[in-house]
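First the structure, in the form of C-alpha cells, and then the observations on it.
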Amino acid sequence: MSTITTRLYTGEHVQIEYLDEGPRDAPVVVLLHGYPDIPATWDGVLELLPRDLRIIRPFIRGVGRTQARTADARSAQVAALASDVLELLRSLDVEDVVLVGHDWGARAAHAVAVLEPRLIRGLVTLSTAYGPGSGLSEEEALEDISVAWYRYWLCTEQGARTFRQDPSALTRWAWRRWSPSIRISESEMEAILSATSTDEFADDVVHYYRHGAGEAEGAPLYESLQATLDAWPPIAVPATFLIGTADGCETLAPSRANGAFFSAGRAVRELDGVGHFIQREDPRAVADAIVSHLEGR
C-alpha cells in the first residue's frame with residue numbers, strides 16, 4: 001500500500017474524515033468500522049489483502065472529525081450513517097466497490113446496499129445481522145436482548161446521563177467483554193478513546209441506540225431514506241456475513257433466520273471461538289471474504 005492520506009470531505013450537511021490509500025484507478029474496498037472503534041481496526045486485514053487496491057476507511061459520526069454540520073442533520077440513525085457513506089462515495093466518484101462493515105458499519109453497509117445496489121460489487125458484513133429479527137423464537141429473542149442490555153440502558157435517562165459523564169467506561173468494558181480472547185494494547189485503546197473524545201460522540205451513541213429501539217425520532221432530513229430502510233427490503237448484491245461464536249454482544253440466531261433478505265445470495269461463516277471484533281481476532285477470514293468478492297466468487 002502507498003502512504004495513507006487522511007482527508008476531510010466537507011458537504012452541505014456533514015463533514016467526513018476518512019483514510020484513502022492505494023492507486024486511484026485500482027479496485028475499491030470500503031471499510032466501515034463500528035462502535036466503539038476507529039478505522040485502524042482494519043489494519044490487520046489490510047496486511048493480508050492484495051497490494052493493488054484502493055482502500056477507503058471513513059470515520060463514523062461522532063468519531064474523529066466526522067460530524068453533522070447543520071442542525072437538521074444532527075442524527076445517528078442508520079439512514080444518516082448510510083447517507084454519509086453514499087455522499088462520500090459519490091464525491092470520490094467510485095463505484096463497483098466491495099463494501100465491508102462491522103457493527104454500526106454493518107448496519108450502514110446493509111443500508112447502502114439497499115439504497116444503491118448498483119454501487120456495490122460485493123458486501124461483507126461482520127457481527128451485526130440484517131433484518132428485523134422477526135424469525136426468532138421467543139427464547140432466541142430474549143437471549144439476543146440479554147446480551148444487548150447496554151442498548152436499552154442508554155434508552156433510560158439515568159443510563160444516558162451516566163454514559164455522557166464518562167463514555168470511556170463503556171468503551172473499555174466493551175473491549176474486555178465483547179471479544180474475551182483478545183486484549184488490545186493500552187496505546188490502541190488510547191487511540192480509540194482519543195478519537196471518540198468529541199463533543200458529538202456521546203450524543204450520537206445515545207441517539208443511535210434510542211432510534212434503533214424506537215425511543216427517539218429521526219431527523220426529517222433522512223425521513224425518506226429511513227422509511228425505505230424500515231421496510232427491510234431484500235439486499236440485491238452478493239453478500240457474506242461473518243460472526244464469531246464467542247461474540248459478547250450479538251447472538252447467532254438472527255443471521256441463521258434472515259437468509260430470505262438476501263435476494264442475490266448470502267454466505268454465512270460462523271467462526272468458532274471468535275468474539276465481536278472479528279477483524280482484530282481473525283483478519284484472515286475477513287480478507288478471504290473480501291478477496292472472494294473482488295474475484296467474483
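Here, A, B, ... name the chains of the C-alpha cells in the order displayed, residue numbers run from 1 inside each chain, and ligands are numbered from 1 in the same displayed order.
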
List as a CSV table (one decimal) with N, CA and C atoms, in the first residue's frame the protein and nucleic acid residues near Ser185 in chain A, meaning an atom at most 12 Å away when only C-alpha atoms are counted, but skip any in the same chain fewer than 5 places from it.
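Listing of result-v6.csv after writing:
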```
chain,number,residue,atom,x,y,z
A,172,ARG,N,-14.2,0.8,27.4
A,172,ARG,CA,-13.2,-0.1,28.0
A,172,ARG,C,-13.9,-1.5,28.3
A,175,TRP,N,-14.6,-3.6,25.1
A,175,TRP,CA,-13.4,-4.3,24.6
A,175,TRP,C,-13.0,-5.4,25.4
A,176,ARG,N,-13.3,-5.4,26.7
A,176,ARG,CA,-13.0,-6.5,27.6
A,176,ARG,C,-13.9,-7.7,27.4
A,190,GLU,N,-6.0,3.9,23.8
A,190,GLU,CA,-5.9,5.4,23.9
A,190,GLU,C,-6.2,6.0,22.5
A,191,ALA,N,-5.9,5.3,21.4
A,191,ALA,CA,-6.2,5.8,20.1
A,191,ALA,C,-7.7,5.9,19.9
A,192,ILE,N,-8.4,4.8,20.4
A,192,ILE,CA,-9.8,4.8,20.3
A,192,ILE,C,-10.5,5.9,21.2
```

Find the nearest atom pair between each residue of range 155-203 of chain A and range 11-34 of chain A for residues within 12 Å, count only C-alpha atoms, give distances in Å to one decimal, sort rows by chain and ascending number, and present the table as CSV.
```
residue,atom,partner,partner_atom,distance
A:Thr171,CA,A:Gly34,CA,11.8
A:Ile192,CA,A:Gly34,CA,11.4
A:Ala195,CA,A:Glu17,CA,11.1
A:Thr196,CA,A:Gly34,CA,11.8
```

Checklist entry - Among range 82-277 of chain A, which ones does DSSP place in strand (DSSP E or B), written as a VMD selection string? => result chain A and resid 97 to 102 120 to 126 235 239 to 244 262 266 to 271

Could the residues in this selection be saved with C-alpha atoms as a PDB file, in the first residue's frame?
```pdb
ATOM      1  CA  VAL A  97     -16.853  -1.371  -4.629  1.00  0.00           C
ATOM      2  CA  VAL A  98     -16.559  -4.197  -2.164  1.00  0.00           C
ATOM      3  CA  LEU A  99     -18.271  -2.732   0.879  1.00  0.00           C
ATOM      4  CA  VAL A 100     -17.263  -4.080   4.279  1.00  0.00           C
ATOM      5  CA  GLY A 101     -18.827  -3.155   7.604  1.00  0.00           C
ATOM      6  CA  HIS A 102     -18.582  -4.170  11.237  1.00  0.00           C
ATOM      7  CA  ILE A 120     -21.731  -2.372  -4.732  1.00  0.00           C
ATOM      8  CA  ARG A 121     -19.858  -5.292  -6.235  1.00  0.00           C
ATOM      9  CA  GLY A 122     -19.994  -7.366  -3.084  1.00  0.00           C
ATOM     10  CA  LEU A 123     -20.964  -6.952   0.550  1.00  0.00           C
ATOM     11  CA  VAL A 124     -19.076  -8.287   3.566  1.00  0.00           C
ATOM     12  CA  THR A 125     -20.569  -7.633   6.988  1.00  0.00           C
ATOM     13  CA  LEU A 126     -19.371  -8.651  10.419  1.00  0.00           C
ATOM     14  CA  ILE A 235     -30.428  -6.874  -0.363  1.00  0.00           C
ATOM     15  CA  ALA A 239     -23.137 -10.921   0.403  1.00  0.00           C
ATOM     16  CA  THR A 240     -21.012 -12.642   3.025  1.00  0.00           C
ATOM     17  CA  PHE A 241     -21.707 -12.479   6.748  1.00  0.00           C
ATOM     18  CA  LEU A 242     -19.160 -13.378   9.423  1.00  0.00           C
ATOM     19  CA  ILE A 243     -19.976 -13.867  13.096  1.00  0.00           C
ATOM     20  CA  GLY A 244     -17.999 -15.277  15.994  1.00  0.00           C
ATOM     21  CA  PHE A 262     -30.612 -11.602   0.521  1.00  0.00           C
ATOM     22  CA  ARG A 266     -25.552 -14.750   1.055  1.00  0.00           C
ATOM     23  CA  ALA A 267     -22.867 -16.923   2.632  1.00  0.00           C
ATOM     24  CA  VAL A 268     -22.636 -17.186   6.415  1.00  0.00           C
ATOM     25  CA  ARG A 269     -19.456 -18.136   8.257  1.00  0.00           C
ATOM     26  CA  GLU A 270     -19.627 -18.841  11.970  1.00  0.00           C
ATOM     27  CA  LEU A 271     -16.115 -18.525  13.382  1.00  0.00           C
TER      28      LEU A 271
END
```

Next on the checklist: I'd like the neighbourhood of Thr198 in chain A as a PyMOL selection string, where a residue qualifies if any of its atoms comes within 7 Å (using only C-alpha atoms), though same-chain residues fewer than 2 positions away should be ignored.
Outcome noted: chain A and resi 62-63+196+200-201

Print the selection's residues with N, CA and C atoms to a file, as a short mmCIF file (atom, residue, chain, number, x, y, z; two decimals), in the first residue's frame.
```
data_model
loop_
_atom_site.label_atom_id
_atom_site.label_comp_id
_atom_site.auth_asym_id
_atom_site.auth_seq_id
_atom_site.Cartn_x
_atom_site.Cartn_y
_atom_site.Cartn_z
N GLY A 62 -19.41 11.25 14.93
CA GLY A 62 -19.01 11.42 16.31
C GLY A 62 -17.60 10.97 16.60
N VAL A 63 -16.94 10.36 15.63
CA VAL A 63 -15.58 9.84 15.81
C VAL A 63 -14.63 10.64 14.92
N THR A 196 -12.71 9.22 20.03
CA THR A 196 -14.10 9.33 20.48
C THR A 196 -14.30 10.40 21.54
N GLU A 200 -19.57 15.38 19.95
CA GLU A 200 -20.74 14.72 19.38
C GLU A 200 -20.87 13.26 19.78
N PHE A 201 -19.77 12.61 20.17
CA PHE A 201 -19.74 11.16 20.29
C PHE A 201 -20.83 10.62 21.21
#
```

Tell me, as a short mmCIF file (atom, residue, chain, number, x, y, z; two decimals) with C-alpha atoms, in the first residue's frame, which residues lie within 10 Å of Gly259 in chain A, counting only C-alpha atoms; anything in the same chain fewer than 4 positions away does not count.
```cif
data_model
loop_
_atom_site.label_atom_id
_atom_site.label_comp_id
_atom_site.auth_asym_id
_atom_site.auth_seq_id
_atom_site.Cartn_x
_atom_site.Cartn_y
_atom_site.Cartn_z
CA TYR A 130 -29.57 -7.60 8.76
CA GLY A 131 -33.29 -7.83 9.34
CA PRO A 234 -34.11 -7.52 0.28
CA PRO A 254 -30.55 -13.56 13.73
CA SER A 255 -28.12 -14.48 10.95
CA SER A 263 -32.02 -11.96 -2.98
CA GLY A 265 -27.31 -14.88 -2.27
CA ARG A 266 -25.55 -14.75 1.06
CA ALA A 267 -22.87 -16.92 2.63
CA VAL A 268 -22.64 -17.19 6.42
#
```

Item to check | Distance query range 86-94 of chain A at most 9 Å, only C-alpha atoms, self and fewer than 5 positions along chain excluded, as a PyMOL selection string | outcome: chain A and resi 9+11+16+28+58+81+112+115-116+119

Near Ser134 in chain A, within 12 Å and counting only C-alpha atoms, which residues show up once chain neighbours fewer than 4 positions away are dropped, as a PDB file with C-alpha atoms, in the first residue's frame?
```pdb
ATOM      1  CA  TYR A 130     -29.569  -7.603   8.756  1.00  0.00           C
ATOM      2  CA  GLU A 138     -39.200 -16.242  21.991  1.00  0.00           C
ATOM      3  CA  GLU A 140     -33.826 -16.588  20.905  1.00  0.00           C
ATOM      4  CA  ALA A 141     -35.262 -13.083  21.041  1.00  0.00           C
ATOM      5  CA  TRP A 232     -36.316  -4.119   5.438  1.00  0.00           C
ATOM      6  CA  ALA A 253     -29.823 -16.718  15.787  1.00  0.00           C
ATOM      7  CA  PRO A 254     -30.553 -13.555  13.730  1.00  0.00           C
ATOM      8  CA  SER A 255     -28.115 -14.479  10.946  1.00  0.00           C
ATOM      9  CA  ARG A 256     -29.461 -18.024  10.862  1.00  0.00           C
ATOM     10  CA  ALA A 257     -33.009 -16.729  10.357  1.00  0.00           C
ATOM     11  CA  ASN A 258     -32.530 -13.936   7.806  1.00  0.00           C
ATOM     12  CA  ALA A 260     -34.627 -14.619   2.749  1.00  0.00           C
ATOM     13  CA  PHE A 261     -33.489 -10.980   2.961  1.00  0.00           C
TER      14      PHE A 261
END
```

Next on the checklist: I'd like the neighbourhood of range 70-80 of chain A as a list of chain:residue names, where a residue qualifies if any of its atoms comes within 8 Å (using only C-alpha atoms), though same-chain residues fewer than 3 positions away should be ignored.
Outcome noted: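 Answer for this query is A:Glu12, A:His13, A:Val14, A:Arg61, A:Ser83, A:Asp84, A:Arg107, A:Ala108, A:Ala111, A:Asp204, A:Val205, A:His207, A:Tyr208, A:His211, A:Gly212, A:Gly218, A:Ala219, A:Pro220, A:Leu221, A:Tyr222, A:Leu225, A:Gln226, A:Leu229.
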
Print the selection's residues with C-alpha atoms to a file, as a PDB file, in the first residue's frame.
```pdb
ATOM      1  CA  GLU A  12     -23.582  20.858   2.902  1.00  0.00           C
ATOM      2  CA  HIS A  13     -24.782  18.877   5.906  1.00  0.00           C
ATOM      3  CA  VAL A  14     -21.855  16.726   7.010  1.00  0.00           C
ATOM      4  CA  ARG A  61     -20.322  10.106  13.049  1.00  0.00           C
ATOM      5  CA  SER A  83     -26.226   8.777   3.708  1.00  0.00           C
ATOM      6  CA  ASP A  84     -22.719   9.730   4.840  1.00  0.00           C
ATOM      7  CA  ARG A 107     -25.821  -1.621   9.655  1.00  0.00           C
ATOM      8  CA  ALA A 108     -24.621   1.221   7.427  1.00  0.00           C
ATOM      9  CA  ALA A 111     -28.410   0.153   4.250  1.00  0.00           C
ATOM     10  CA  ASP A 204     -24.565  10.186  18.717  1.00  0.00           C
ATOM     11  CA  VAL A 205     -24.221   6.882  20.567  1.00  0.00           C
ATOM     12  CA  HIS A 207     -29.324   8.618  19.622  1.00  0.00           C
ATOM     13  CA  TYR A 208     -28.223   5.608  17.555  1.00  0.00           C
ATOM     14  CA  HIS A 211     -33.613   5.451  17.456  1.00  0.00           C
ATOM     15  CA  GLY A 212     -32.983   1.760  16.855  1.00  0.00           C
ATOM     16  CA  GLY A 218     -35.066  10.546  13.381  1.00  0.00           C
ATOM     17  CA  ALA A 219     -34.043  13.728  11.635  1.00  0.00           C
ATOM     18  CA  PRO A 220     -36.530  14.938   8.990  1.00  0.00           C
ATOM     19  CA  LEU A 221     -33.595  15.271   6.570  1.00  0.00           C
ATOM     20  CA  TYR A 222     -33.335  11.470   6.449  1.00  0.00           C
ATOM     21  CA  LEU A 225     -34.301   7.114   3.356  1.00  0.00           C
ATOM     22  CA  GLN A 226     -35.272   5.814   6.788  1.00  0.00           C
ATOM     23  CA  LEU A 229     -34.878   1.062   5.329  1.00  0.00           C
TER      24      LEU A 229
END
```

Hey, which bits of range 200-274 of chain A sit within 6 Å of range 145-163 of chain A, and for each residue what's the closest pair of atoms and how far apart in Å (one decimal), counting only C-alpha atoms, rows by chain and increasing number, as a tab-separated table?
```
residue	atom	partner	partner_atom	distance
A:Val206	CA	A:Leu154	CA	5.9
A:Tyr209	CA	A:Arg151	CA	5.5
A:Arg210	CA	A:Cys155	CA	5.4
A:Cys249	CA	A:Val147	CA	5.0
```

Item to check | Counting only C-alpha atoms, the residue of A:Ala236, A:Ala227, A:Ala169, A:Ile278 that sits nearest Ala113 in chain A | outcome: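 Ranked by minimum distance to Ala113 in chain A, first place goes to A:Ala236.
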
Item to check | Shortest interatomic distance to Ile55 in chain A - which of A:Asp43, A:Ala174, A:Gln279, A:Ala68, counting only C-alpha atoms | outcome: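 Of A:Asp43, A:Ala174, A:Gln279, A:Ala68, the one nearest Ile55 in chain A is A:Asp43, counting only C-alpha atoms.
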
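Taking CA of Thr6 in chain A as the reference point, CA of Trp104 in chain A is found at 21.4 Å.
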